[in-house]
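Down below is the structure, laid out as structure tokens.
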4 protein chains.
Amino acid sequence: MLTDLKDAVFKANLELARSGLVIMTFGNVSGIDRRKGIVAIKPSGVAYDSLKADDIVLVDLDGQVVEGWLNPSSDTPTHIEIYKAFPEVGGVAHAHSEFATVFAQARREIPCYGTTHADVFHGPVPLTRLLVESEVAADYERNTGKIIVERFAGIEPLGLPAVLVAGHGPFAWGRTPADAVETSVVLEQVAKMAYATIVLDPRLAPLDRHILEKHFLRKHGPDAYYGQKKEERQ
Amino acid sequence: MLTDLKDAVFKANLELARSGLVIMTFGNVSGIDRRKGIVAIKPSGVAYDSLKADDIVLVDLDGQVVEGWLNPSSDTPTHIEIYKAFPEVGGVAHAHSEFATVFAQARREIPCYGTTHADVFHGPVPLTRLLVESEVAADYERNTGKIIVERFAGIEPLGLPAVLVAGHGPFAWGRTPADAVETSVVLEQVAKMAYATIVLDPRLAPLDRHILEKHFLRKHGPDAYYGQKKEERQ
Amino acid sequence: MLTDLKDAVFKANLELARSGLVIMTFGNVSGIDRRKGIVAIKPSGVAYDSLKADDIVLVDLDGQVVEGWLNPSSDTPTHIEIYKAFPEVGGVAHAHSEFATVFAQARREIPCYGTTHADVFHGPVPLTRLLVESEVAADYERNTGKIIVERFAGIEPLGLPAVLVAGHGPFAWGRTPADAVETSVVLEQVAKMAYATIVLDPRLAPLDRHILEKHFLRKHGPDAYYGQKKEERQ
Amino acid sequence: MLTDLKDAVFKANLELARSGLVIMTFGNVSGIDRRKGIVAIKPSGVAYDSLKADDIVLVDLDGQVVEGWLNPSSDTPTHIEIYKAFPEVGGVAHAHSEFATVFAQARREIPCYGTTHADVFHGPVPLTRLLVESEVAADYERNTGKIIVERFAGIEPLGLPAVLVAGHGPFAWGRTPADAVETSVVLEQVAKMAYATIVLDPRLAPLDRHILEKHFLRKHGPDAYYGQKKEERQ
């Protein structure tokens with residue numbers, strides 16, 4: 001069932017591991033079949049080098065396993081909340097990548113300081129609030145998803161395809177599982193450069209809005225002119 | 001004698017080297033056979049790429065060599081003190097990994113700033129005191145073990161499976177030699193992220209206790225739900 | 001047509017990717033045939049591991065494609081402005097390499113703090129001004145080239161073979177596409193070391209001018225004595 | 001002539017490149033035959049991946065080439081001054097490795113903050129003064145050697161087997177070319193950790209002298225007990 005989706009999710013998980021963004025088993029990628037309402041996700045706590053395409057678990061939007069013999073990632077309810085709130089999203093990736101996690105730990109948004117950022121993120125990378133005690137006590141992972149969605153009120157999710165969960169780390173997304181991993185990689189680079197930029201000048205103003213707009217729009221939207229064929233552009 | 005233990009210790013030493021946590025020969029992993037009271041440990045000053053399983057040295061809990069033609073690691077008495085004080089521990093790893101050593105040199109504990117830390121360490125990573133002159137003059141390595149044990153008064157060793165020896169570097173442990181290496185890897189990542197978090201915000205408060213508890217307990221203890229089968233969970 | 005130039009540009013793009021200076025497709029190298037007035041450049045948004053020599057696009061100095069079935073890099077007009085203003089330049093490279101980009105984002109020149117810098121750059125690495133809104137609205141990439149050229153008024157381009165575009169990142173050049181990549185690699189190392197030097201001492205004075213001159217001139221110009229044969233020296 | 005020495009120097013140069021301490025051709029290792037008074041050294045500006053054992057150049061202690069068809073490293077006179085002043089030294093290595101160079105650029109000694117440092121360096125890593133204009137104008141490389149020797153008045157060179165040349169970078173040495181490379185690797189790690197330690201606590205006092213002494217002496221001198229056989233200890 002859904003062999004293509006499981007294969008795409010399997011490959012995206014391997015790509016996440018290969019990119020150096022995860023240590024141990026601290027990361028997961030999922031994808032969704034919108035027509036069937038089924039999410040494919042990495043099993044919990046399985047080492048990347050022993051992972052097989054067949055280990056990918058299928059769950060419905062209530063988090064019930066519909067196929068697979070392993071437990072799905074413990075972060076599955078967070079992924080599901082993102083899919084339910086953002087209909088354009090087809091893949092979600094989560095990794096405790098170093099500098100994105102540092103901003104999440106320091107509870108700071110990542111300001112847009114340069115065009116590398118503006119190429120992918122149409123503004124600062126948002127930060128959620130911390131969960132209160134009752135939100136942690138029950139349905140912790142689902143509530144993590146809910147505060148992400150809460151933070152994106154009025155924000156176009158594909159224009160800002162990542163979030164920092166305060167005290168935890170980043171979630172990133174895109175039209176496909178592979179896109180979500182690619183965004184995770186760029187996010188980490190952007191976070192690393194923002195960190196060092198802040199060290200050099202703690203009071204630096206963000207990039208002028210007209211340059212941010214230009215860079216985002218030359219890659220995204222109806223007038224984009226970066227890359228090859230419009231149809232293949234993300 | 002104890003071929004399986006020697007093999008596990010040999011493989012854990014190679015994994016430590018592969019993880020990039022050691023330079024030169026500055027690192028060692030040991031394991032213990034609790035019934036026999038025998039510790040298997042890396043020989044002193046032997047390069048990782050020429051190390052063989054047969055080079056692993058067996059010592060008793062008085063530090064006397066019971067098998068092997070090489071000198072055991074000069075840190076052997078430190079490992080032995082840890083084994084004697086912490087009966088749940090089955091493996092110990094020591095490496096001068098960069099950021100854990102930086103905290104040890106700066107004589108600062110590693111505060112818990114995020115869930116990556118809380119997944120493995122049930123509180124800040126403890127720091128020992130410095131050794132006084134007489135403790136250095138005689139039985140230096142054994143005294144290093146003693147100040148580790150002294151620092152853990154009232155602390156559950158598997159809940160906080162690492163320590164920073166002031167002015168020196170980290171020791172980490174677990175149920176097996178492989179676990180001790182895995183903890184060393186996570187410790188280094190946690191230390192690296194804590195370092196950059198402090199640079200971004202030197203006055204940041206640690207993570208809320210209820211989030212720390214949640215993350216630790218979803219991976220450890222009777223109500224853990226991370227990973228696959230309870231029996232295989234560490 | 002121009003098979004040798006296309007091959008040199010192809011290889012220089014692969015070398016840029018191998019050097020670790022680019023993430024995703026964020027980088028491009030070009031080369032010029034001065035007699036024909038033709039520039040060879042990487043196609044836009046094509047992954048390095050699927051790039052073939054035949055994908056390299058040929059454009060004239062008005063930016064019109066004269067050979068190739070793919071769109072040229074969106075940065076092509078910037079490269080062309082550099083070629084038009086600096087007749088000694090035979091290759092141009094652009095990458096969002098981490099620390100050079102950090103200086104561009106922080107809008108700081110890279111001061112000369114040591115002989116590694118002086119070996120390649122005959123003074124601080126210059127920074128452009130930011131583009132104003134009208135310069136971004138139309139002909140953005142060409143205007144990026146124009147502010148680079150504007151900044152180099154009175155500077156010998158092969159004596160200072162790189163620039164930081166404010167809020168964006170570095171462009172580097174040389175007599176050949178391979179030289180431009182080599183300069184990019186040294187620039188990144190120099191930027192990384194200048195960053196940490198500033199962290200250690202934010203008020204440090206630059207290297208004495210007589211040492212800078214010595215190091216630059218022992219590698220460049222008529223009295224150079226570094227390396228092997230004068231004819232092969234860049 | 002001196003095939004074994006040339007081979008040892010060749011291999012040590014490759015090891016230096018493999019260790020990640022050099023970019024481009026910015027590094028060189030030499031060795032000396034004390035009875036013949038001949039130094040073997042890397043040729044100037046030759047890429048490491050095309051270097052052959054036969055390319056190693058032999059020079060006498062006046063810097064005259066006695067065998068080889070390539071120019072010796074431009075730093076040859078610096079190496080020679082070190083050999084002439086320090087009779088115990090059998091190999092010298094020079095690389096612009098990142099953090100050792102950062103300390104040289106910031107013109108700071110590397111304080112001893114931990115036992116990793118004390119294992120190899122019997123005190124802070126010394127810094128030379130800057131060369132004055134006349135010392136740069138003529139015999140620059142020889143004068144670089146002279147200020148190294150000047151700085152080591154009263155210091156035992158094998159007890160402190162490295163120096164930072166102000167505004168330039170480190171030179172390291174040992175009984176053999178391989179030892180010099182090994183010291184370079186440890187120096188870089190020690191510098192990297194000292195850097196981050198200073199960032200965490202700019203006013204930190206160095207490690208207590210009795211711990212420094214203990215660590216240095218358990219690896220060096222008549223009472224050393226680290227490693228395997230006394231005869232093989234460096």
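FYI, nothing fancy with the structure tokens labels: chains A, B, ... in order, residues from 1 per chain, ligands from 1 as they appear.
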
Selection near range 62-65 of chain A, 12 Å with only C-alpha atoms, sequence-local residues under 6 positions removed, as a count of residues only: 23

Spatial neighbours of Val181 in chain A, 7 Å, only C-alpha atoms, chain gap at least 3 places, as a PyMOL selection string: chain A and resi 12+16+93+177-178+184-185

May I have the residues from that selection written out with C-alpha atoms, as a PDB file, in the first residue's frame?
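And here is the file that came out, again20.pdb:
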```pdb
ATOM      1  CA  ALA A  12      14.128  11.463   2.447  1.00  0.00           C
ATOM      2  CA  LEU A  16      18.398  13.721   6.220  1.00  0.00           C
ATOM      3  CA  ALA A  93      11.122  16.941   8.477  1.00  0.00           C
ATOM      4  CA  PRO A 177       9.357  14.857   1.774  1.00  0.00           C
ATOM      5  CA  ALA A 178      12.493  15.665  -0.286  1.00  0.00           C
ATOM      6  CA  SER A 184      16.095  21.625   6.719  1.00  0.00           C
ATOM      7  CA  VAL A 185      19.548  21.796   5.137  1.00  0.00           C
TER       8      VAL A 185
END
```

Interface, chain B side, toward chain A (10 Å; only C-alpha atoms) as a PyMOL selection string: chain B and resi 112-119+182-183+185-186+189-190+192-215+218-219+225-229+233

DSSP alpha helix (DSSP H) selection over range 95-190 of chain D, as a ChimeraX atom specification: /D:98-106,115-118,133-137,140-151,177-190

Between CA of Leu160 in chain C and CA of Ala172 in chain C, distance in Å (one decimal):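 Computing it gives 9.0 Å between the two atoms.
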